[in-house]
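K.L.:
If it helps, the file is called upload.cif and holds mmCIF, C-alpha atoms:
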data_data
#
loop_
_atom_site.label_atom_id
_atom_site.label_comp_id
_atom_site.auth_asym_id
_atom_site.auth_seq_id
_atom_site.Cartn_x
_atom_site.Cartn_y
_atom_site.Cartn_z
CA GLN A 134 0.00 0.00 0.00
CA SER A 135 1.36 3.41 -1.05
CA ALA A 136 1.95 6.07 1.60
CA LEU A 137 0.05 8.68 -0.44
CA THR A 138 -3.44 7.93 -1.73
CA GLN A 139 -4.45 8.76 -5.28
CA PRO A 140 -7.51 7.68 -7.26
CA ALA A 141 -6.65 4.78 -9.55
CA SER A 142 -8.17 6.44 -12.57
CA VAL A 143 -9.79 9.61 -13.82
CA SER A 144 -11.17 10.53 -17.21
CA GLY A 145 -12.28 13.56 -19.12
CA SER A 146 -13.12 14.78 -22.57
CA PRO A 147 -10.89 17.02 -24.67
CA GLY A 148 -11.12 20.61 -23.52
CA GLN A 149 -12.40 19.76 -20.08
CA SER A 150 -10.56 20.13 -16.77
CA ILE A 151 -9.81 17.34 -14.36
CA THR A 152 -8.35 17.25 -10.86
CA ILE A 153 -6.31 14.46 -9.31
CA SER A 154 -6.07 14.32 -5.54
CA CYS A 155 -3.22 13.03 -3.41
CA THR A 156 -3.90 12.46 0.26
CA GLY A 157 -1.25 12.00 2.92
CA THR A 158 -0.76 12.92 6.54
CA SER A 159 0.67 15.68 8.68
CA SER A 160 4.02 13.86 8.46
CA ASP A 161 4.27 14.42 4.74
CA ILE A 162 1.94 16.58 2.63
CA GLY A 163 0.44 18.41 5.58
CA GLY A 164 3.76 19.19 7.20
CA TYR A 165 5.97 20.28 4.33
CA ASN A 166 5.81 22.16 1.04
CA TYR A 167 7.80 19.54 -0.86
CA VAL A 168 5.00 18.06 -2.92
CA SER A 169 5.73 17.16 -6.53
CA TRP A 170 3.73 15.82 -9.43
CA TYR A 171 5.00 13.68 -12.31
CA GLN A 172 3.65 12.62 -15.66
CA GLN A 173 4.63 9.22 -17.03
CA LEU A 174 3.77 8.58 -20.64
CA PRO A 175 3.61 4.92 -21.73
CA GLY A 176 7.07 3.40 -21.88
CA LYS A 177 8.76 6.59 -20.72
CA ALA A 178 10.47 7.84 -17.58
CA PRO A 179 8.54 10.12 -15.23
CA LYS A 180 8.68 13.82 -16.01
CA LEU A 181 8.42 16.50 -13.35
CA LEU A 182 5.32 18.68 -13.81
CA ILE A 183 5.11 20.50 -10.49
CA SER A 184 7.51 20.92 -7.57
CA ASP A 185 7.23 22.56 -4.16
CA VAL A 186 3.42 22.23 -4.20
CA SER A 187 2.68 24.59 -7.06
CA ASN A 188 5.88 25.51 -8.88
CA ARG A 189 5.85 24.71 -12.58
CA PRO A 190 9.31 24.15 -14.09
CA SER A 191 10.27 25.94 -17.26
CA GLY A 192 8.84 24.20 -20.30
CA VAL A 193 5.83 22.67 -18.57
CA SER A 194 2.51 23.79 -20.00
CA ASN A 195 0.51 26.28 -17.94
CA ARG A 196 -2.45 23.93 -18.37
CA PHE A 197 -0.96 22.08 -15.40
CA SER A 198 -1.48 23.62 -11.99
CA ALA A 199 -1.42 22.33 -8.43
CA SER A 200 -2.21 23.27 -4.86
CA LYS A 201 -2.38 21.89 -1.34
CA SER A 202 -4.89 22.10 1.47
CA GLY A 203 -4.15 20.38 4.73
CA ASN A 204 -3.03 16.83 4.08
CA THR A 205 -4.28 16.76 0.48
CA ALA A 206 -2.55 17.99 -2.64
CA SER A 207 -4.27 18.39 -5.99
CA LEU A 208 -3.18 18.52 -9.61
CA THR A 209 -5.48 20.19 -12.14
CA ILE A 210 -5.15 19.77 -15.86
CA SER A 211 -7.17 22.26 -17.87
CA GLY A 212 -8.02 22.14 -21.55
CA LEU A 213 -7.48 18.38 -21.71
CA GLN A 214 -5.68 17.11 -24.78
CA ALA A 215 -5.24 13.60 -26.10
CA GLU A 216 -1.50 13.86 -25.38
CA ASP A 217 -2.26 14.23 -21.66
CA GLU A 218 -3.28 10.57 -21.49
CA ALA A 219 -0.72 9.15 -19.06
CA ASP A 220 -0.08 8.03 -15.51
CA TYR A 221 0.30 10.77 -12.92
CA TYR A 222 2.13 10.41 -9.62
CA CYS A 223 2.45 12.65 -6.61
CA SER A 224 5.33 12.58 -4.17
CA SER A 225 6.11 14.26 -0.91
CA TYR A 226 8.98 14.69 1.49
CA THR A 227 8.21 12.94 4.76
CA SER A 228 9.62 13.13 8.25
CA ASN A 229 9.59 9.34 8.42
CA ILE A 230 12.76 7.28 8.03
CA THR A 231 12.24 7.11 4.25
CA PRO A 232 12.33 10.76 3.20
CA VAL A 233 10.34 10.50 -0.05
CA VAL A 234 7.02 8.79 -0.63
CA PHE A 235 5.00 8.37 -3.81
CA GLY A 236 1.33 8.01 -4.46
CA GLY A 237 0.06 4.88 -6.14
CA GLY A 238 -0.50 6.70 -9.42
CA THR A 239 -3.56 7.82 -11.36
CA ARG A 240 -4.25 6.79 -14.92
CA LEU A 241 -5.80 9.61 -16.92
CA THR A 242 -7.94 8.63 -19.88
CA VAL A 243 -8.92 11.27 -22.40
CA LEU A 244 -12.24 10.17 -23.82
CA GLU B 298 20.99 19.60 -20.66
CA VAL B 299 20.65 17.35 -17.63
CA GLN B 300 21.27 13.72 -18.55
CA LEU B 301 21.20 10.63 -16.38
CA MET B 302 22.09 7.25 -17.84
CA GLU B 303 21.66 4.07 -15.85
CA SER B 304 23.46 0.80 -16.53
CA GLY B 305 24.22 -2.50 -14.88
CA GLY B 306 20.84 -4.18 -14.95
CA GLY B 307 20.21 -7.66 -16.24
CA LEU B 308 18.83 -11.11 -15.57
CA VAL B 309 20.09 -12.56 -12.30
CA GLN B 310 19.22 -15.52 -10.11
CA PRO B 311 17.70 -15.04 -6.66
CA GLY B 312 20.33 -14.45 -4.02
CA ARG B 313 22.85 -12.98 -6.43
CA SER B 314 24.14 -9.42 -6.68
CA LEU B 315 24.37 -6.57 -9.16
CA ARG B 316 25.89 -3.10 -9.19
CA LEU B 317 23.80 -0.45 -10.85
CA SER B 318 25.45 2.73 -12.08
CA CYS B 319 24.18 6.12 -13.11
CA ALA B 320 26.32 8.50 -15.16
CA ALA B 321 25.33 12.14 -14.80
CA SER B 322 26.06 15.06 -17.09
CA GLY B 323 24.84 18.55 -17.84
CA PHE B 324 24.90 19.81 -14.25
CA THR B 325 27.20 20.09 -11.24
CA PHE B 326 26.64 16.60 -9.87
CA GLY B 327 28.23 17.27 -6.50
CA ASN B 328 25.66 19.95 -5.66
CA TYR B 329 22.63 17.67 -5.73
CA ALA B 330 21.17 14.81 -3.75
CA MET B 331 20.34 11.72 -5.77
CA HIS B 332 17.73 8.97 -5.64
CA TRP B 333 17.07 5.47 -6.88
CA VAL B 334 13.42 4.79 -7.63
CA ARG B 335 12.08 1.53 -9.03
CA GLN B 336 8.99 0.47 -10.90
CA ALA B 337 7.92 -3.15 -11.03
CA PRO B 338 6.24 -4.23 -14.28
CA GLY B 339 2.80 -2.67 -14.48
CA LYS B 340 3.12 -1.10 -11.04
CA GLY B 341 3.71 2.32 -9.56
CA LEU B 342 6.84 4.15 -8.46
CA GLU B 343 8.63 2.98 -5.34
CA TRP B 344 11.34 5.08 -3.71
CA VAL B 345 14.33 2.82 -3.00
CA SER B 346 17.21 4.88 -1.69
CA GLY B 347 18.68 8.35 -1.56
CA ILE B 348 21.98 10.07 -0.82
CA SER B 349 22.77 13.68 -0.03
CA TRP B 350 25.26 15.74 -2.03
CA SER B 351 28.08 14.96 0.38
CA SER B 352 27.18 11.30 1.01
CA GLY B 353 26.68 12.28 4.63
CA TYR B 354 23.02 11.33 4.65
CA VAL B 355 21.77 8.09 3.13
CA ARG B 356 18.41 6.39 3.50
CA TYR B 357 16.75 3.20 2.30
CA ALA B 358 13.25 1.85 1.92
CA ASP B 359 12.45 -0.85 4.46
CA SER B 360 12.06 -3.34 1.61
CA VAL B 361 15.74 -3.06 0.63
CA LYS B 362 17.46 -2.04 3.86
CA ASP B 363 20.46 -4.21 4.73
CA ARG B 364 20.55 -5.58 1.16
CA PHE B 365 21.14 -2.48 -0.97
CA THR B 366 23.90 0.11 -0.61
CA ILE B 367 23.85 3.51 -2.29
CA SER B 368 27.03 5.47 -2.97
CA ARG B 369 28.32 8.25 -5.18
CA ASP B 370 31.58 9.50 -6.63
CA ASN B 371 31.34 13.23 -7.22
CA ALA B 372 34.67 13.27 -9.03
CA LYS B 373 33.29 10.80 -11.57
CA ASN B 374 29.77 12.29 -11.70
CA SER B 375 28.40 8.87 -10.87
CA LEU B 376 25.80 7.29 -8.61
CA TYR B 377 25.76 3.63 -7.68
CA LEU B 378 23.47 1.07 -6.12
CA GLN B 379 24.92 -2.21 -4.93
CA VAL B 380 22.07 -4.69 -4.79
CA ASN B 381 22.69 -7.91 -2.88
CA SER B 382 20.61 -10.94 -1.93
CA LEU B 383 18.22 -10.23 -4.76
CA ARG B 384 14.66 -11.50 -4.54
CA THR B 385 12.07 -12.04 -7.24
CA GLU B 386 10.16 -9.06 -5.86
CA ASP B 387 13.14 -6.82 -6.69
CA THR B 388 12.36 -7.27 -10.38
CA ALA B 389 11.80 -3.75 -11.67
CA LEU B 390 13.02 -0.90 -13.82
CA TYR B 391 15.45 1.05 -11.67
CA TYR B 392 15.56 4.79 -12.24
CA CYS B 393 18.28 7.17 -11.16
CA ALA B 394 16.87 10.61 -10.34
CA ARG B 395 18.35 13.93 -9.32
CA ASP B 396 16.87 15.88 -6.42
CA ILE B 397 15.89 19.50 -6.76
CA TYR B 398 18.05 20.21 -3.74
CA GLY B 399 21.30 19.08 -2.15
CA VAL B 400 19.34 17.12 0.41
CA LEU B 401 16.61 14.53 -0.10
CA ARG B 402 13.37 16.33 -0.82
CA SER B 403 12.00 15.72 -4.29
CA PRO B 404 13.32 14.15 -7.51
CA ASP B 405 13.25 16.29 -10.63
CA TYR B 406 15.22 14.83 -13.56
CA TRP B 407 15.05 11.09 -14.22
CA GLY B 408 17.07 8.70 -16.35
CA GLN B 409 15.51 6.12 -18.65
CA GLY B 410 16.09 3.27 -16.21
CA THR B 411 17.90 -0.05 -16.15
CA LEU B 412 15.93 -3.27 -15.93
CA VAL B 413 16.67 -5.79 -13.22
CA THR B 414 15.03 -9.18 -13.60
CA VAL B 415 15.40 -11.67 -10.78
CA SER B 416 14.48 -15.18 -11.82
CA SER B 417 15.79 -18.70 -11.56
#
What do you get writing this file as structure tokens?
P.N.:
Amino acid sequence: QSALTQPASVSGSPGQSITISCTGTSSDIGGYNYVSWYQQLPGKAPKLLISDVSNRPSGVSNRFSASKSGNTASLTISGLQAEDEADYYCSSYTSNITPVVFGGGTRLTVL
Amino acid sequence: EVQLMESGGGLVQPGRSLRLSCAASGFTFGNYAMHWVRQAPGKGLEWVSGISWSSGYVRYADSVKDRFTISRDNAKNSLYLQVNSLRTEDTALYYCARDIYGVLRSPDYWGQGTLVTVSS
């Protein structure tokens, strides 16, 4: 069982917006602003979309945005495109012995 | 351009060992913490191990503690993972990833991975 909880799947139509949640505890998401989001296209390595809760690295589309409230972080993808179909993972720094934890991943299907 | 290239994976029998390597380029390797993250076939990401910029802070997932050893050589821009006493459940694609910071907080750049298959 993953330390962070994500929905297994979400779906949306082109042009719509979707939100993926990532729920942890006060020892990880709730306690620190080191939440990241990754996109993994089929057969590819993960790619950083968001770091430090809501910071979008250079080159990442502004259709991707993220936030945090309490122990839950959220990734929003607006203006869905077919190319967004991928697996999405959240991660957080944690005060536990293992300093980084991942969510179980969410498969996004663009209908 | 940040580049990370893993090597050293392969097919190995249970109980045997491997040494995974990660060659880094395009950034000042010695300034950043580094991670190993694995992904079993069809499964999600699992953090395996991490090391701070100076090697002064290392951590392991419970599932690999006492079997895996992470190390780095800043002069050679290289990260390593010695994997001993391999089990079938260690079968996975092993990714090398750079941290955003010099300490273990959050991976940013990832390599393409090296596949470790443990089978008799």
K.L.:
Mind dumping a table of every chain B residue within 6 Å of chain A, with the nearest atom pair and its distance in Å to one decimal, using only C-alpha atoms, sorted by chain and rising number, as CSV?
P.N.:
residue,atom,partner,partner_atom,distance
B:Gly341,CA,A:Gly237,CA,5.6
B:Ala358,CA,A:Thr231,CA,5.8
B:Arg402,CA,A:Tyr226,CA,5.2
B:Asp405,CA,A:Leu181,CA,5.5
B:Gln409,CA,A:Ala178,CA,5.4
K.L.:
Compile the contact shell of range 313-319 of chain B as a ChimeraX atom specification: residues with an atom at most 7 Å away, counting only C-alpha atoms, same-chain residues fewer than 2 positions apart removed.
P.N.:
/B:301-306,309-311,321,375-383,393
K.L.:
Given the point (-13.7, 18.8, -28.7) in the file's coordinates, find the residues that have an atom at most 12 Å from it, counting only C-alpha atoms, and give them as a ChimeraX atom specification.
P.N.:
/A:145-149,212-215,243-244
K.L.:
Which residues, protein or nucleic acid, reach to within 6 Å of (-8.4, 13.5, -11.5) in the file's coordinates when using only C-alpha atoms, and can you give that as JSON, numbers by chain?
P.N.:
{"A": [143, 151, 152, 153]}
K.L.:
Name the residues in contact with Val400 in chain B at a cut-off of 8 Å, using all atoms listed in the file, excluding same-chain residues fewer than 3 positions from it; report them as a list of chain:residue names.
P.N.:
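In the requested form, the answer reads B:Tyr329, B:Ala330, B:Ile348, B:Ser349, B:Trp350, B:Asp396.
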K.L.:
Expand the PyMOL selection byres ((chain B and resi 410) around 6) into the explicit residue set it covers here, and present it as a list in words.
P.N.:
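Matching residues under the PyMOL selection byres ((chain B and resi 410) around 6) are Glu303, Leu390, Tyr391, Tyr392, Gly408, Gln409 and Thr411 of chain B.
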K.L.:
Starting from the shown file, work through the PyMOL selection byres ((chain B and resi 332) around 6) and note down what comes out as a JSON list (two decimals) with C-alpha atoms, in the coordinates of the input.
P.N.:
[["chain", "number", "residue", "atom", "x", "y", "z"],
["B", 331, "MET", "CA", 20.34, 11.72, -5.77],
["B", 333, "TRP", "CA", 17.07, 5.47, -6.88],
["B", 346, "SER", "CA", 17.21, 4.88, -1.69],
["B", 347, "GLY", "CA", 18.68, 8.35, -1.56],
["B", 393, "CYS", "CA", 18.28, 7.17, -11.16],
["B", 394, "ALA", "CA", 16.87, 10.61, -10.34]]
K.L.:
Once the PyMOL selection byres ((chain A and resi 206) around 6) is applied to the coordinates I shared, what remains selected? I want it as a tab-separated table (two decimals) with C-alpha atoms, in the frame of the given file.
P.N.:
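Saved to selection.tsv:
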chain	number	residue	atom	x	y	z
A	154	SER	CA	-6.07	14.32	-5.54
A	155	CYS	CA	-3.22	13.03	-3.41
A	200	SER	CA	-2.21	23.27	-4.86
A	201	LYS	CA	-2.38	21.89	-1.34
A	205	THR	CA	-4.28	16.76	0.48
A	207	SER	CA	-4.27	18.39	-5.99
K.L.:
Measuring between all atoms listed in the file, which one of A:Pro175, A:Ser144, A:Ala199, A:Ser160 shows the shortest distance to Thr242 in chain A?
P.N.:
A:Ser144
K.L.:
Nearest to Thr158 in chain A: which of A:Gln172, A:Gly203, A:Ala219, A:Ile210 is it, counting only C-alpha atoms?
P.N.:
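For Thr158 in chain A, the nearest of the candidates is A:Gly203.
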K.L.:
Name the residues in contact with Ser198 in chain A at a cut-off of 7 Å, using only C-alpha atoms, excluding same-chain residues fewer than 5 positions from it; report them as a compact mmCIF listing (two decimals) with C-alpha atoms, keeping the file's coordinate frame.
P.N.:
# COMPACT_ATOMS: atom_id res chain seq x y z
CA SER A 187 2.68 24.59 -7.06
CA LEU A 208 -3.18 18.52 -9.61
CA THR A 209 -5.48 20.19 -12.14
CA ILE A 210 -5.15 19.77 -15.86
K.L.:
Draw an axis-aligned box over all listed atoms of range 198-204 of chain A, pad each side with 6 Å, and write its centre and edge lengths in Å, one decimal, as JSON.
P.N.:
{"center_x": -3.2, "center_y": 20.2, "center_z": -3.6, "size_x": 15.5, "size_y": 18.8, "size_z": 28.7}
K.L.:
Suppose you want the space between CA of Arg356 in chain B and CA of Ser417 in chain B; what is it in Å?
P.N.:
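According to the coordinates, CA of Arg356 in chain B and CA of Ser417 in chain B are separated by 29.4 Å.
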K.L.:
One decimal, in Å: what's the spacing between CA of Thr414 in chain B and CA of Ala337 in chain B?
P.N.:
9.7 Å
K.L.:
Output requested as a PDB file, in the coordinates of the input - range 331-344 of chain B, filled out with N, CA, C and O atoms.
P.N.:
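Result file is part-v6.pdb:
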ATOM      1  N   MET B 331      20.748  12.647  -4.720  1.00  0.00           N
ATOM      2  CA  MET B 331      20.340  11.720  -5.770  1.00  0.00           C
ATOM      3  C   MET B 331      19.492  10.594  -5.187  1.00  0.00           C
ATOM      4  O   MET B 331      19.602  10.239  -4.010  1.00  0.00           O
ATOM      5  N   HIS B 332      18.646  10.032  -6.043  1.00  0.00           N
ATOM      6  CA  HIS B 332      17.730   8.970  -5.640  1.00  0.00           C
ATOM      7  C   HIS B 332      17.814   7.779  -6.574  1.00  0.00           C
ATOM      8  O   HIS B 332      18.147   7.919  -7.750  1.00  0.00           O
ATOM      9  N   TRP B 333      17.433   6.615  -6.062  1.00  0.00           N
ATOM     10  CA  TRP B 333      17.070   5.470  -6.880  1.00  0.00           C
ATOM     11  C   TRP B 333      15.597   5.191  -6.615  1.00  0.00           C
ATOM     12  O   TRP B 333      15.162   5.107  -5.458  1.00  0.00           O
ATOM     13  N   VAL B 334      14.845   5.072  -7.688  1.00  0.00           N
ATOM     14  CA  VAL B 334      13.420   4.790  -7.630  1.00  0.00           C
ATOM     15  C   VAL B 334      13.154   3.614  -8.570  1.00  0.00           C
ATOM     16  O   VAL B 334      13.709   3.582  -9.675  1.00  0.00           O
ATOM     17  N   ARG B 335      12.340   2.675  -8.163  1.00  0.00           N
ATOM     18  CA  ARG B 335      12.080   1.530  -9.030  1.00  0.00           C
ATOM     19  C   ARG B 335      10.608   1.410  -9.364  1.00  0.00           C
ATOM     20  O   ARG B 335       9.744   1.954  -8.667  1.00  0.00           O
ATOM     21  N   GLN B 336      10.361   0.691 -10.440  1.00  0.00           N
ATOM     22  CA  GLN B 336       8.990   0.470 -10.900  1.00  0.00           C
ATOM     23  C   GLN B 336       8.872  -0.960 -11.389  1.00  0.00           C
ATOM     24  O   GLN B 336       9.439  -1.317 -12.422  1.00  0.00           O
ATOM     25  N   ALA B 337       8.171  -1.773 -10.625  1.00  0.00           N
ATOM     26  CA  ALA B 337       7.920  -3.150 -11.030  1.00  0.00           C
ATOM     27  C   ALA B 337       7.000  -3.158 -12.249  1.00  0.00           C
ATOM     28  O   ALA B 337       6.240  -2.201 -12.458  1.00  0.00           O
ATOM     29  N   PRO B 338       7.061  -4.189 -13.054  1.00  0.00           N
ATOM     30  CA  PRO B 338       6.240  -4.230 -14.280  1.00  0.00           C
ATOM     31  C   PRO B 338       4.766  -3.995 -13.991  1.00  0.00           C
ATOM     32  O   PRO B 338       4.162  -4.682 -13.163  1.00  0.00           O
ATOM     33  N   GLY B 339       4.208  -2.988 -14.635  1.00  0.00           N
ATOM     34  CA  GLY B 339       2.800  -2.670 -14.480  1.00  0.00           C
ATOM     35  C   GLY B 339       2.403  -2.041 -13.159  1.00  0.00           C
ATOM     36  O   GLY B 339       1.212  -1.883 -12.878  1.00  0.00           O
ATOM     37  N   LYS B 340       3.395  -1.664 -12.360  1.00  0.00           N
ATOM     38  CA  LYS B 340       3.120  -1.100 -11.040  1.00  0.00           C
ATOM     39  C   LYS B 340       3.549   0.355 -10.953  1.00  0.00           C
ATOM     40  O   LYS B 340       4.030   0.936 -11.924  1.00  0.00           O
ATOM     41  N   GLY B 341       3.370   0.933  -9.775  1.00  0.00           N
ATOM     42  CA  GLY B 341       3.710   2.320  -9.560  1.00  0.00           C
ATOM     43  C   GLY B 341       5.156   2.525  -9.159  1.00  0.00           C
ATOM     44  O   GLY B 341       5.960   1.590  -9.116  1.00  0.00           O
ATOM     45  N   LEU B 342       5.476   3.772  -8.855  1.00  0.00           N
ATOM     46  CA  LEU B 342       6.840   4.150  -8.460  1.00  0.00           C
ATOM     47  C   LEU B 342       7.066   3.818  -6.989  1.00  0.00           C
ATOM     48  O   LEU B 342       6.200   4.069  -6.151  1.00  0.00           O
ATOM     49  N   GLU B 343       8.248   3.285  -6.713  1.00  0.00           N
ATOM     50  CA  GLU B 343       8.630   2.980  -5.340  1.00  0.00           C
ATOM     51  C   GLU B 343       9.996   3.596  -5.068  1.00  0.00           C
ATOM     52  O   GLU B 343      10.984   3.242  -5.719  1.00  0.00           O
ATOM     53  N   TRP B 344      10.064   4.488  -4.094  1.00  0.00           N
ATOM     54  CA  TRP B 344      11.340   5.080  -3.710  1.00  0.00           C
ATOM     55  C   TRP B 344      12.189   3.987  -3.057  1.00  0.00           C
ATOM     56  O   TRP B 344      11.720   3.255  -2.189  1.00  0.00           O
TER      57      TRP B 344
END
